>>> print(open('coords-v8.txt').read())   # compact mmCIF, C-alpha atoms and all ligand atoms
# COMPACT_ATOMS: atom_id res chain seq x y z
CA MET S 244 134.62 -59.46 -99.04
CA SER S 245 137.19 -61.52 -100.90
CA ASN S 246 140.00 -59.34 -99.60
CA ARG S 247 139.32 -60.29 -96.01
CA ILE S 248 141.79 -62.56 -94.29
CA TYR S 249 140.71 -64.87 -91.49
CA MET S 250 143.57 -65.55 -89.07
CA ASP S 251 141.61 -66.16 -85.87
CA ASN S 252 141.40 -69.94 -85.96
CA HIS S 253 141.58 -70.32 -82.17
CA ALA S 254 138.24 -68.51 -81.85
CA THR S 255 136.62 -70.77 -84.40
CA THR S 256 137.52 -72.40 -87.69
CA PRO S 257 135.66 -72.29 -90.99
CA MET S 258 133.97 -75.59 -91.69
CA ASP S 259 135.68 -77.80 -94.22
CA GLN S 260 133.48 -78.31 -97.30
CA ARG S 261 134.08 -82.07 -97.01
CA VAL S 262 132.55 -81.97 -93.52
CA LEU S 263 129.47 -80.19 -94.82
CA ASP S 264 129.13 -82.75 -97.63
CA ALA S 265 129.12 -85.57 -95.07
CA MET S 266 126.49 -83.81 -92.95
CA LEU S 267 123.95 -82.76 -95.57
CA PRO S 268 122.17 -86.11 -96.08
CA TYR S 269 121.51 -86.27 -92.34
CA PHE S 270 119.31 -83.16 -92.47
CA THR S 271 117.02 -84.08 -95.31
CA GLU S 272 117.21 -87.80 -96.10
CA LYS S 273 118.56 -89.64 -93.08
CA TYR S 274 116.70 -87.51 -90.57
CA GLY S 275 115.68 -90.27 -88.19
CA ASN S 276 116.18 -90.18 -84.45
CA SER S 277 119.21 -92.34 -83.73
CA GLY S 278 117.30 -93.60 -80.70
CA SER S 279 114.46 -95.02 -82.81
CA ARG S 280 115.23 -98.72 -82.65
CA ASN S 281 112.24 -100.01 -84.56
CA HIS S 282 112.59 -98.59 -88.08
CA ALA S 283 115.12 -97.95 -90.82
CA PHE S 284 115.12 -94.15 -90.34
CA GLY S 285 116.44 -94.67 -86.84
CA TRP S 286 118.95 -97.33 -87.93
CA GLU S 287 120.36 -95.05 -90.64
CA ALA S 288 120.87 -92.23 -88.19
CA GLU S 289 122.35 -94.60 -85.64
CA ALA S 290 124.77 -95.94 -88.24
CA GLY S 291 125.94 -92.38 -88.91
CA VAL S 292 126.46 -91.80 -85.19
CA ASP S 293 128.28 -95.10 -84.74
CA GLN S 294 130.65 -94.35 -87.61
CA ALA S 295 131.35 -90.89 -86.21
CA ARG S 296 132.05 -92.34 -82.77
CA GLU S 297 134.56 -94.72 -84.32
CA ARG S 298 136.29 -91.96 -86.25
CA ILE S 299 136.58 -89.74 -83.19
CA ALA S 300 137.80 -92.59 -81.01
CA LYS S 301 140.43 -93.50 -83.58
CA LEU S 302 141.84 -89.97 -83.65
CA ILE S 303 142.43 -89.92 -79.87
CA ASN S 304 143.12 -93.65 -79.36
CA ALA S 305 139.95 -94.27 -77.35
CA LYS S 306 137.15 -96.81 -77.66
CA PRO S 307 133.95 -95.65 -79.37
CA LYS S 308 131.83 -96.19 -76.26
CA GLU S 309 134.10 -93.83 -74.32
CA ILE S 310 132.87 -90.82 -76.34
CA ILE S 311 129.94 -88.80 -74.95
CA PHE S 312 128.45 -86.22 -77.31
CA THR S 313 127.77 -82.75 -75.93
CA SER S 314 126.99 -79.30 -77.33
CA GLY S 315 130.66 -78.28 -77.25
CA ALA S 316 133.70 -78.01 -75.07
CA THR S 317 132.06 -75.62 -72.60
CA GLU S 318 129.48 -78.27 -71.78
CA SER S 319 132.13 -81.01 -71.71
CA ASP S 320 134.21 -79.00 -69.23
CA ASN S 321 131.15 -78.36 -67.08
CA ILE S 322 130.19 -82.04 -67.06
CA ALA S 323 133.74 -83.21 -66.33
CA LEU S 324 134.15 -80.98 -63.29
CA LYS S 325 130.65 -80.92 -61.83
CA SER S 326 129.90 -84.60 -62.40
CA VAL S 327 133.17 -85.76 -60.88
CA VAL S 328 132.68 -83.47 -57.87
CA GLU S 329 129.19 -84.87 -57.34
CA PHE S 330 130.01 -88.53 -57.88
CA TYR S 331 133.24 -88.64 -55.87
CA ARG S 332 132.18 -86.39 -53.00
CA GLU S 333 132.63 -89.21 -50.47
CA LYS S 334 136.24 -89.51 -51.58
CA GLY S 335 137.15 -85.82 -51.44
CA ASN S 336 136.45 -82.37 -52.79
CA HIS S 337 139.79 -81.03 -53.95
CA ILE S 338 140.47 -80.03 -57.58
CA ILE S 339 143.79 -78.91 -59.01
CA THR S 340 143.80 -76.72 -62.10
CA ALA S 341 145.90 -73.85 -63.50
CA THR S 342 145.52 -70.09 -63.77
CA THR S 343 145.71 -70.10 -67.58
CA GLU S 344 142.77 -72.44 -68.16
CA HIS S 345 139.83 -71.46 -70.35
CA LYS S 346 136.93 -69.71 -68.61
CA ALA S 347 134.85 -72.85 -69.08
CA ILE S 348 137.11 -74.43 -66.44
CA LEU S 349 137.89 -71.42 -64.25
CA ASP S 350 134.31 -70.20 -63.92
CA VAL S 351 133.06 -73.69 -63.07
CA CYS S 352 135.76 -73.97 -60.40
CA LYS S 353 134.77 -70.58 -58.97
CA SER S 354 131.14 -71.57 -58.82
CA LEU S 355 131.94 -74.92 -57.18
CA GLU S 356 134.00 -73.04 -54.58
CA ARG S 357 131.28 -70.47 -54.02
CA LYS S 358 128.72 -73.20 -53.43
CA GLY S 359 131.07 -74.92 -51.01
CA LEU S 360 131.17 -78.03 -53.19
CA ALA S 361 134.90 -78.01 -53.93
CA GLU S 362 138.22 -76.58 -52.90
CA VAL S 363 140.41 -75.59 -55.79
CA THR S 364 144.15 -75.10 -56.15
CA TYR S 365 145.11 -72.87 -59.09
CA LEU S 366 148.66 -73.70 -60.15
CA PRO S 367 150.71 -70.78 -61.44
CA VAL S 368 152.64 -70.99 -64.71
CA ASP S 369 156.17 -69.91 -65.54
CA LYS S 370 157.11 -67.07 -67.92
CA GLN S 371 156.60 -69.37 -70.89
CA GLY S 372 153.20 -70.59 -69.74
CA LEU S 373 154.04 -74.05 -68.41
CA ILE S 374 152.99 -75.45 -65.05
CA ASP S 375 155.63 -76.85 -62.68
CA LEU S 376 155.31 -80.62 -62.19
CA ASP S 377 156.81 -80.50 -58.69
CA GLN S 378 154.21 -77.92 -57.69
CA LEU S 379 151.53 -80.18 -59.13
CA ARG S 380 152.85 -83.15 -57.14
CA ALA S 381 153.04 -81.07 -53.96
CA ALA S 382 149.47 -79.82 -54.39
CA ILE S 383 147.94 -83.31 -54.35
CA THR S 384 146.34 -84.28 -51.03
CA ASP S 385 144.28 -87.28 -49.95
CA LYS S 386 141.20 -85.16 -50.70
CA THR S 387 142.21 -84.54 -54.34
CA ILE S 388 139.71 -86.08 -56.74
CA LEU S 389 140.58 -84.36 -60.00
CA ILE S 390 143.44 -82.69 -61.85
CA SER S 391 142.18 -80.55 -64.74
CA ILE S 392 144.96 -79.16 -66.89
CA MET S 393 144.39 -78.07 -70.47
CA HIS S 394 146.32 -79.55 -73.35
CA ALA S 395 146.96 -76.47 -75.56
CA ASN S 396 146.13 -72.94 -74.49
CA ASN S 397 143.70 -70.96 -76.63
CA GLU S 398 145.58 -67.65 -76.35
CA ILE S 399 149.25 -68.54 -76.40
CA GLY S 400 149.07 -72.05 -77.87
CA VAL S 401 151.33 -73.44 -75.15
CA ILE S 402 151.14 -77.21 -74.80
CA GLN S 403 151.41 -78.53 -71.23
CA PRO S 404 153.47 -81.65 -70.41
CA ILE S 405 150.39 -83.86 -70.59
CA HIS S 406 152.23 -87.22 -70.52
CA GLU S 407 153.96 -86.29 -67.27
CA ILE S 408 150.78 -84.93 -65.70
CA GLY S 409 149.00 -88.15 -66.62
CA LYS S 410 151.76 -90.18 -65.03
CA ILE S 411 151.59 -88.20 -61.79
CA ALA S 412 147.79 -88.52 -61.69
CA LYS S 413 148.05 -92.31 -62.16
CA GLU S 414 150.72 -92.64 -59.49
CA LYS S 415 148.56 -90.78 -56.99
CA GLY S 416 145.27 -92.38 -58.03
CA VAL S 417 143.70 -89.06 -59.01
CA LEU S 418 141.51 -88.60 -62.10
CA PHE S 419 142.97 -86.45 -64.87
CA HIS S 420 140.78 -84.26 -67.08
CA SER S 421 142.22 -82.26 -69.95
CA ASP S 422 140.52 -79.57 -72.00
CA ALA S 423 142.07 -80.50 -75.33
CA THR S 424 139.80 -78.34 -77.46
CA GLN S 425 142.68 -76.55 -79.18
CA GLY S 426 144.90 -79.59 -79.58
CA VAL S 427 142.64 -82.37 -80.84
CA GLY S 428 142.96 -82.59 -84.61
CA LYS S 429 145.99 -80.28 -84.70
CA VAL S 430 148.68 -82.31 -82.97
CA PRO S 431 148.73 -85.96 -81.84
CA VAL S 432 146.54 -86.56 -78.78
CA ASP S 433 146.48 -90.09 -77.36
CA VAL S 434 144.40 -90.66 -74.22
CA GLU S 435 146.18 -93.95 -73.48
CA ALA S 436 149.75 -92.75 -73.86
CA MET S 437 148.91 -89.51 -72.04
CA GLY S 438 147.05 -91.14 -69.15
CA ILE S 439 143.99 -88.96 -69.67
CA ASP S 440 140.77 -90.06 -67.93
CA LEU S 441 138.43 -87.32 -69.19
CA MET S 442 138.94 -85.04 -72.17
CA SER S 443 136.94 -82.19 -73.72
CA PHE S 444 136.92 -81.28 -77.40
CA SER S 445 134.77 -79.32 -79.83
CA GLY S 446 133.74 -79.51 -83.49
CA HIS S 447 134.10 -75.87 -84.46
CA LYS S 448 137.74 -75.64 -83.40
CA MET S 449 138.69 -78.36 -85.88
CA TYR S 450 136.89 -77.42 -89.12
CA GLY S 451 133.67 -79.07 -87.99
CA PRO S 452 130.30 -77.57 -87.06
CA LYS S 453 129.46 -75.36 -84.08
CA GLY S 454 127.24 -76.69 -81.34
CA ILE S 455 128.72 -80.18 -81.22
CA GLY S 456 131.52 -81.48 -79.07
CA GLY S 457 132.46 -84.39 -76.96
CA LEU S 458 133.77 -85.66 -73.69
CA TYR S 459 136.03 -88.68 -73.56
CA VAL S 460 135.26 -90.73 -70.44
CA ARG S 461 137.65 -93.57 -69.63
CA ALA S 462 135.80 -96.88 -69.34
CA ARG S 463 138.47 -98.98 -67.66
CA ASN S 464 141.69 -98.70 -65.75
CA PRO S 465 140.13 -96.81 -64.04
CA ARG S 466 136.46 -96.72 -64.99
CA VAL S 467 135.39 -93.11 -64.54
CA ARG S 468 131.96 -92.61 -63.00
CA LEU S 469 129.92 -89.45 -63.52
CA SER S 470 126.70 -88.15 -62.03
CA PRO S 471 124.64 -86.90 -64.98
CA MET S 472 124.09 -83.15 -65.25
CA ILE S 473 121.37 -83.42 -67.91
CA GLU S 474 118.76 -86.07 -67.26
CA GLY S 475 115.99 -87.37 -69.46
CA GLY S 476 115.87 -90.02 -72.15
CA GLY S 477 119.02 -91.77 -70.95
CA GLN S 478 121.06 -91.25 -74.13
CA GLU S 479 124.85 -91.51 -74.01
CA ARG S 480 124.73 -94.25 -71.39
CA GLY S 481 122.69 -92.00 -69.14
CA MET S 482 125.50 -89.51 -68.84
CA ARG S 483 124.00 -86.92 -71.19
CA SER S 484 120.35 -87.21 -72.11
CA GLY S 485 118.75 -85.59 -75.13
CA THR S 486 118.15 -86.55 -78.75
CA LEU S 487 121.51 -86.72 -80.46
CA ASN S 488 122.52 -83.97 -82.89
CA VAL S 489 123.03 -86.48 -85.68
CA PRO S 490 124.22 -84.12 -88.47
CA GLY S 491 126.56 -82.40 -86.03
CA ILE S 492 127.93 -85.70 -84.81
CA VAL S 493 128.47 -86.93 -88.37
CA GLY S 494 130.28 -83.66 -89.10
CA LEU S 495 132.48 -83.98 -86.04
CA GLY S 496 133.31 -87.54 -87.04
CA ARG S 497 134.28 -86.51 -90.56
CA ALA S 498 136.33 -83.59 -89.18
CA CYS S 499 138.24 -86.04 -86.97
CA GLU S 500 138.81 -88.40 -89.87
CA LEU S 501 140.21 -85.60 -92.03
CA ALA S 502 142.37 -84.33 -89.17
CA GLY S 503 143.86 -87.78 -88.69
CA GLU S 504 144.64 -88.14 -92.39
CA GLU S 505 146.10 -84.67 -92.87
CA MET S 506 147.55 -83.72 -89.50
CA GLN S 507 151.17 -84.49 -90.25
CA GLU S 508 151.30 -82.50 -93.45
CA GLU S 509 149.07 -79.74 -92.15
CA SER S 510 150.96 -79.15 -88.92
CA ALA S 511 154.27 -78.99 -90.80
CA ARG S 512 152.79 -76.47 -93.23
CA LEU S 513 151.29 -74.35 -90.44
CA LEU S 514 154.56 -74.37 -88.54
CA ARG S 515 156.33 -73.13 -91.65
CA LEU S 516 153.75 -70.37 -92.16
CA ARG S 517 153.85 -69.37 -88.52
CA GLU S 518 157.63 -69.08 -88.51
CA ARG S 519 157.47 -67.09 -91.73
CA LEU S 520 155.04 -64.67 -90.08
CA ARG S 521 157.02 -64.51 -86.83
CA LYS S 522 160.28 -63.75 -88.64
CA ALA S 523 158.68 -61.13 -90.87
CA LEU S 524 157.16 -59.33 -87.88
CA MET S 525 159.99 -59.64 -85.40
CA ASP S 526 162.82 -59.00 -87.87
CA ASP S 527 161.22 -55.91 -89.35
CA LEU S 528 159.97 -54.39 -86.10
CA GLY S 529 161.95 -53.80 -82.92
CA ASP S 530 160.45 -53.99 -79.42
CA THR S 531 158.40 -57.10 -80.15
CA TYR S 532 158.04 -60.01 -77.72
CA LEU S 533 156.83 -63.53 -78.30
CA ASN S 534 154.32 -64.65 -75.64
CA GLY S 535 154.37 -68.29 -74.60
CA HIS S 536 156.90 -71.06 -75.04
CA PRO S 537 158.85 -70.78 -78.32
CA THR S 538 158.54 -74.45 -79.27
CA GLU S 539 156.07 -76.17 -76.89
CA ARG S 540 153.10 -74.64 -78.67
CA LEU S 541 150.53 -75.28 -81.39
CA PRO S 542 152.01 -74.96 -84.87
CA GLY S 543 149.33 -72.43 -85.89
CA ASN S 544 149.67 -70.13 -82.89
CA LEU S 545 151.61 -66.89 -82.75
CA ASN S 546 151.13 -64.38 -79.94
CA ILE S 547 153.24 -61.24 -80.03
CA SER S 548 153.40 -58.02 -78.00
CA PHE S 549 154.15 -54.91 -80.04
CA GLU S 550 155.46 -52.51 -77.40
CA PHE S 551 154.09 -48.94 -77.54
CA VAL S 552 151.10 -49.97 -79.65
CA GLU S 553 147.62 -50.55 -78.23
CA GLY S 554 146.42 -53.90 -79.54
CA GLU S 555 142.91 -52.55 -79.96
CA SER S 556 144.17 -49.61 -82.06
CA LEU S 557 146.18 -52.02 -84.14
CA LEU S 558 143.10 -54.16 -84.74
CA MET S 559 141.19 -51.07 -85.90
CA GLY S 560 143.87 -50.40 -88.45
CA LEU S 561 143.65 -53.98 -89.70
CA LYS S 562 139.91 -54.02 -90.31
CA ASP S 563 139.97 -56.60 -93.09
CA ILE S 564 142.26 -58.94 -91.14
CA ALA S 565 140.70 -61.09 -88.42
CA VAL S 566 143.05 -61.56 -85.47
CA SER S 567 142.56 -61.12 -81.70
CA SER S 568 144.07 -58.75 -79.18
CA GLY S 569 145.36 -59.58 -75.71
CA SER S 570 142.65 -57.50 -74.15
CA ALA S 571 139.20 -58.75 -73.31
CA CYS S 572 136.17 -56.54 -73.23
CA THR S 573 134.72 -57.57 -69.89
CA SER S 574 131.68 -55.40 -69.22
CA ALA S 575 132.66 -51.87 -70.19
CA THR S 576 136.36 -52.01 -69.39
CA LEU S 577 139.27 -53.30 -71.38
CA GLU S 578 141.02 -55.90 -69.22
CA PRO S 579 144.43 -57.24 -70.13
CA SER S 580 144.34 -60.97 -70.80
CA TYR S 581 144.50 -63.00 -67.56
CA VAL S 582 146.55 -65.59 -69.43
CA LEU S 583 149.28 -63.09 -70.31
CA LYS S 584 149.13 -61.70 -66.76
CA ALA S 585 149.67 -65.22 -65.43
CA LEU S 586 152.87 -65.39 -67.48
CA GLY S 587 154.06 -62.23 -65.76
CA VAL S 588 153.52 -60.02 -68.79
CA GLY S 589 152.79 -56.53 -67.43
CA ASP S 590 149.41 -54.89 -68.09
CA GLU S 591 150.97 -52.40 -70.50
CA LEU S 592 152.62 -55.01 -72.64
CA ALA S 593 149.60 -57.33 -72.44
CA HIS S 594 147.50 -54.57 -74.00
CA THR S 595 149.87 -54.52 -76.98
CA SER S 596 149.58 -58.20 -77.81
CA ILE S 597 148.00 -59.80 -80.83
CA ARG S 598 147.08 -63.44 -81.34
CA PHE S 599 147.50 -64.78 -84.85
CA GLY S 600 145.68 -68.09 -85.30
CA LEU S 601 146.75 -69.81 -88.49
CA GLY S 602 144.61 -72.56 -89.90
CA ARG S 603 143.95 -75.03 -92.69
CA PHE S 604 142.83 -72.44 -95.23
CA ASN S 605 145.50 -69.78 -94.73
CA THR S 606 147.96 -69.36 -97.57
CA GLU S 607 151.50 -68.09 -97.82
CA GLU S 608 150.22 -65.04 -99.73
CA GLU S 609 147.92 -64.24 -96.82
CA VAL S 610 150.78 -64.55 -94.35
CA ASP S 611 152.87 -62.15 -96.39
CA ARG S 612 150.01 -59.69 -96.69
CA VAL S 613 149.30 -59.82 -92.95
CA ALA S 614 152.98 -59.31 -92.16
CA GLU S 615 153.19 -56.33 -94.47
CA ARG S 616 150.03 -54.73 -93.11
CA VAL S 617 150.97 -55.28 -89.46
CA VAL S 618 154.48 -53.92 -89.95
CA SER S 619 153.20 -50.77 -91.65
CA GLU S 620 150.40 -50.25 -89.12
CA VAL S 621 152.66 -50.77 -86.08
CA THR S 622 155.20 -48.39 -87.60
CA ARG S 623 152.50 -45.77 -88.24
CA LEU S 624 151.07 -46.03 -84.70
CA ARG S 625 154.50 -45.85 -83.12
CA GLU S 626 155.33 -42.74 -85.09
CA MET S 627 152.30 -41.10 -83.46
CA SER S 628 153.22 -42.31 -79.96
CA PRO S 629 154.96 -39.86 -77.61
CA LEU S 630 156.02 -42.79 -75.42
CA TYR S 631 157.75 -44.43 -78.33
CA GLU S 632 159.52 -41.18 -79.15
CA MET S 633 160.72 -40.80 -75.57
CA ALA S 634 161.94 -44.38 -75.48
CA LYS S 635 163.83 -43.85 -78.72
CA GLU S 636 165.46 -40.77 -77.19
CA GLY S 637 166.80 -43.02 -74.49
CA ILE S 638 164.48 -41.93 -71.70
CA ASP S 639 163.83 -44.75 -69.24
CA LEU S 640 160.04 -44.75 -69.06
CA LYS S 641 159.92 -46.86 -65.91
CA SER S 642 161.87 -44.40 -63.79
CA TYR S 643 160.63 -41.28 -65.57
CA ASN S 644 159.06 -38.80 -63.15
CA TRP S 645 155.66 -38.15 -64.71
CA ALA S 646 154.63 -35.71 -61.96
CA ARG S 647 157.37 -33.27 -62.98
CA ASP S 648 155.93 -30.10 -64.49
C1 LIG L 1 136.81 -72.73 -77.58
C2 LIG L 1 137.25 -73.36 -76.34
C3 LIG L 1 136.33 -73.84 -75.41
C4 LIG L 1 134.84 -73.68 -75.60
O1 LIG L 1 134.40 -74.50 -76.64
P1 LIG L 1 132.90 -74.41 -77.20
O2 LIG L 1 132.77 -75.63 -78.03
O3 LIG L 1 132.85 -73.15 -77.98
O4 LIG L 1 131.99 -74.41 -76.03
C5 LIG L 1 136.81 -74.44 -74.27
N1 LIG L 1 138.12 -74.59 -74.06
C6 LIG L 1 139.05 -74.14 -74.94
C7 LIG L 1 140.49 -74.34 -74.65
C8 LIG L 1 138.63 -73.52 -76.10
O5 LIG L 1 139.55 -73.08 -76.96
>>> encode(input="coords-v8.txt", output="structure tokens")
Amino acid sequence: MSNRIYMDNHATTPMDQRVLDAMLPYFTEKYGNSGSRNHAFGWEAEAGVDQARERIAKLINAKPKEIIFTSGATESDNIALKSVVEFYREKGNHIITATTEHKAILDVCKSLERKGLAEVTYLPVDKQGLIDLDQLRAAITDKTILISIMHANNEIGVIQPIHEIGKIAKEKGVLFHSDATQGVGKVPVDVEAMGIDLMSFSGHKMYGPKGIGGLYVRARNPRVRLSPMIEGGGQERGMRSGTLNVPGIVGLGRACELAGEEMQEESARLLRLRERLRKALMDDLGDTYLNGHPTERLPGNLNISFEFVEGESLLMGLKDIAVSSGSACTSATLEPSYVLKALGVGDELAHTSIRFGLGRFNTEEEVDRVAERVVSEVTRLREMSPLYEMAKEGIDLKSYNWARD
């Protein structure tokens, strides 16, 4: 157990003990319903929620009342897209997004298209994973109601030019939503400076609890209006009914507070660790390729293709190390990552990629151990690979005539 290494912090993060400490009283002592206005149990819970709202707002430079609590970023993404489409349908039905978005955006877009509720433009990305701002500008029509472009990508860590996108959206009078689930708490995110009107984030991606997240909804300049998706008790200004998850909210608030206090130091440390890992892997092994922009990316993200090595086989050989491969098990087949495909990485190479997600609790010793294990495992697998042998003999695999007997 203790020999395991967790380096998959884009999938989820361990909860910080300090977050748990802040949450515990809200399960057993301060268990009131924050909506109970007529007794101290309710007031206590409400005070916890109010403090959390302030802490979250401070981290992203919003006002507390602009935060809507949800069950996580998937729900926030769903609300942002579906509620805008419903509320602004008189104005238009066109959404602009990108091909490398999280499924919580892409699948909602597909379903809106299927139901005939929206028309969607999917912007391509360049080899490094960035959208083209001129293409974005050109895609906007008088029917465009929403631009939804993620802040940092969950596979390749690439950070989009959010300030510029926000500026374009403002200029054209189009609302701008950003799925900032991977970025909030890791790098500075400022909804004012970035011109963001709606923004999704999640507790469990930033050392907080699972099952709690939020949606930032701009209150003025412009005031964003949403048709509620979940109706009932009228909580969260009617935009998201349901008794608030008070312990979760308190945890998310504490996680945001810690992130704000420690971000500068933590991001510098993670960048150092990531570069240490990247150098160790790429210097010691040939035929390795970095996926995604070399600098415009999250400090804790490293995504590398190890040519001639199946990512899944590599993962098997690294059983006690938690990382992710660039293949997704969709139904029974192994599909190469659509994000890597969007960057123009071929299927073959996409299948050889590994995502290393460094986080708050990773140490330099762990980085060195992971590097050592990956180098030895890649070397071992390549030694067993006929393709690798052919390539080393100078045979051009692309033009090689496989049909020859
Ligand atoms: C994890 C993630 C989500 C989904 O978040 P949940 O809180 O697990 O629903 C959405 N978008 C991005 C970019 C993510 O990384």
>>> closest_residue(input="coords-v8.txt", among="S:Lys308, S:Thr424, S:Ala395, S:Met449", to="Ala347 (chain S)", atoms="only C-alpha atoms")
S:Thr424
>>> atom_distance(input="coords-v8.txt", atom1="CA of Arg463 (chain S)", atom2="CA of Gly416 (chain S)")
13.5 Å
>>> residues_around(input="coords-v8.txt", residues="region 368-383 of chain S", least_positions_apart="5", cutoff="6 Å", atoms="all atoms listed in the file", output="list in words")
Gln403, Gly535, His536 and Leu586 of chain S
>>> residues_around(input="coords-v8.txt", residues="region 546-551 of chain S", least_positions_apart="2", cutoff="9 Å", atoms="all atoms listed in the file", output="PyMOL selection string")
chain S and resi 398-400+521+524-525+528-535+544+553-554+569+591-600+621+624-625+628+630-631
>>> residues_near_ligand(input="coords-v8.txt", ligand="ligand LIG 1 (chain L)", cutoff="9 Å", atoms="all atoms listed in the file", output="count of residues only")
38
>>> closest_residue(input="coords-v8.txt", among="S:Met627, S:Ala498, S:Ile248, S:Val401", to="Thr538 (chain S)", atoms="all atoms listed in the file")
S:Val401
>>> closest_atom_pairs(input="coords-v8.txt", of="region 320-383 of chain S", to="region 468-475 of chain S", cutoff="9 Å", atoms="all atoms listed in the file", output="CSV")
residue,atom,partner,partner_atom,distance
S:Asn321,CA,S:Met472,CA,8.7
S:Ile322,CA,S:Met472,CA,6.5
S:Ala323,CA,S:Leu469,CA,7.8
S:Lys325,CA,S:Met472,CA,7.7
S:Ser326,CA,S:Ser470,CA,4.8
S:Val327,CA,S:Leu469,CA,5.6
S:Val328,CA,S:Ser470,CA,8.7
S:Glu329,CA,S:Ser470,CA,6.2
S:Phe330,CA,S:Ser470,CA,5.3
S:Tyr331,CA,S:Arg468,CA,8.3
>>> atom_distance(input="coords-v8.txt", atom1="CA of Arg480 (chain S)", atom2="CA of Val467 (chain S)")
12.7 Å
>>> closest_residue(input="coords-v8.txt", among="S:Pro431, S:Pro537, S:Gly503, S:Gly438", to="Ile408 (chain S)", atoms="all atoms listed in the file")
S:Gly438
>>> atom_distance(input="coords-v8.txt", atom1="CA of Ile388 (chain S)", atom2="CA of Gly476 (chain S)")
28.7 Å
>>> closest_residue(input="coords-v8.txt", among="S:Glu578, S:Glu636, S:Glu609, S:Asp350", to="Asn246 (chain S)", atoms="all atoms listed in the file")
S:Glu609
>>> closest_residue(input="coords-v8.txt", among="S:Asp440, S:Glu297, S:Glu620, S:Asp590", to="Gly560 (chain S)", atoms="all atoms listed in the file")
S:Glu620
>>> decode(input="coords-v8.txt", residues="region 553-564 of chain S", atoms="N, CA, C and O atoms", output="PDB file, in the first residue's frame")
ATOM      1  N   GLU S 553       2.850   0.385 -26.346  1.00  0.00           N
ATOM      2  CA  GLU S 553       1.432   0.566 -26.064  1.00  0.00           C
ATOM      3  C   GLU S 553       1.260   1.153 -24.669  1.00  0.00           C
ATOM      4  O   GLU S 553       1.745   0.568 -23.691  1.00  0.00           O
ATOM      5  N   GLY S 554       0.567   2.270 -24.579  1.00  0.00           N
ATOM      6  CA  GLY S 554       0.350   2.909 -23.286  1.00  0.00           C
ATOM      7  C   GLY S 554      -0.261   1.964 -22.270  1.00  0.00           C
ATOM      8  O   GLY S 554       0.137   1.932 -21.103  1.00  0.00           O
ATOM      9  N   GLU S 555      -1.233   1.166 -22.749  1.00  0.00           N
ATOM     10  CA  GLU S 555      -1.913   0.237 -21.840  1.00  0.00           C
ATOM     11  C   GLU S 555      -0.948  -0.821 -21.286  1.00  0.00           C
ATOM     12  O   GLU S 555      -1.035  -1.191 -20.117  1.00  0.00           O
ATOM     13  N   SER S 556      -0.027  -1.308 -22.159  1.00  0.00           N
ATOM     14  CA  SER S 556       0.958  -2.287 -21.694  1.00  0.00           C
ATOM     15  C   SER S 556       1.892  -1.635 -20.686  1.00  0.00           C
ATOM     16  O   SER S 556       2.280  -2.241 -19.692  1.00  0.00           O
ATOM     17  N   LEU S 557       2.230  -0.403 -20.950  1.00  0.00           N
ATOM     18  CA  LEU S 557       3.109   0.329 -20.039  1.00  0.00           C
ATOM     19  C   LEU S 557       2.442   0.475 -18.669  1.00  0.00           C
ATOM     20  O   LEU S 557       3.064   0.234 -17.633  1.00  0.00           O
ATOM     21  N   LEU S 558       1.145   0.822 -18.691  1.00  0.00           N
ATOM     22  CA  LEU S 558       0.414   0.960 -17.421  1.00  0.00           C
ATOM     23  C   LEU S 558       0.423  -0.349 -16.622  1.00  0.00           C
ATOM     24  O   LEU S 558       0.573  -0.340 -15.407  1.00  0.00           O
ATOM     25  N   MET S 559       0.263  -1.465 -17.358  1.00  0.00           N
ATOM     26  CA  MET S 559       0.268  -2.779 -16.692  1.00  0.00           C
ATOM     27  C   MET S 559       1.579  -3.027 -15.991  1.00  0.00           C
ATOM     28  O   MET S 559       1.611  -3.651 -14.926  1.00  0.00           O
ATOM     29  N   GLY S 560       2.656  -2.573 -16.599  1.00  0.00           N
ATOM     30  CA  GLY S 560       3.972  -2.774 -16.020  1.00  0.00           C
ATOM     31  C   GLY S 560       4.272  -1.798 -14.891  1.00  0.00           C
ATOM     32  O   GLY S 560       5.319  -1.880 -14.256  1.00  0.00           O
ATOM     33  N   LEU S 561       3.375  -0.855 -14.686  1.00  0.00           N
ATOM     34  CA  LEU S 561       3.577   0.168 -13.643  1.00  0.00           C
ATOM     35  C   LEU S 561       2.452   0.072 -12.621  1.00  0.00           C
ATOM     36  O   LEU S 561       1.902   1.077 -12.198  1.00  0.00           O
ATOM     37  N   LYS S 562       2.097  -1.136 -12.259  1.00  0.00           N
ATOM     38  CA  LYS S 562       0.896  -1.366 -11.454  1.00  0.00           C
ATOM     39  C   LYS S 562       0.784  -0.505 -10.195  1.00  0.00           C
ATOM     40  O   LYS S 562      -0.306  -0.095  -9.820  1.00  0.00           O
ATOM     41  N   ASP S 563       1.892  -0.238  -9.544  1.00  0.00           N
ATOM     42  CA  ASP S 563       1.805   0.523  -8.295  1.00  0.00           C
ATOM     43  C   ASP S 563       1.960   2.031  -8.519  1.00  0.00           C
ATOM     44  O   ASP S 563       2.099   2.803  -7.576  1.00  0.00           O
ATOM     45  N   ILE S 564       1.933   2.436  -9.804  1.00  0.00           N
ATOM     46  CA  ILE S 564       2.020   3.866 -10.109  1.00  0.00           C
ATOM     47  C   ILE S 564       0.743   4.264 -10.835  1.00  0.00           C
ATOM     48  O   ILE S 564       0.404   3.680 -11.866  1.00  0.00           O
TER      49      ILE S 564
END
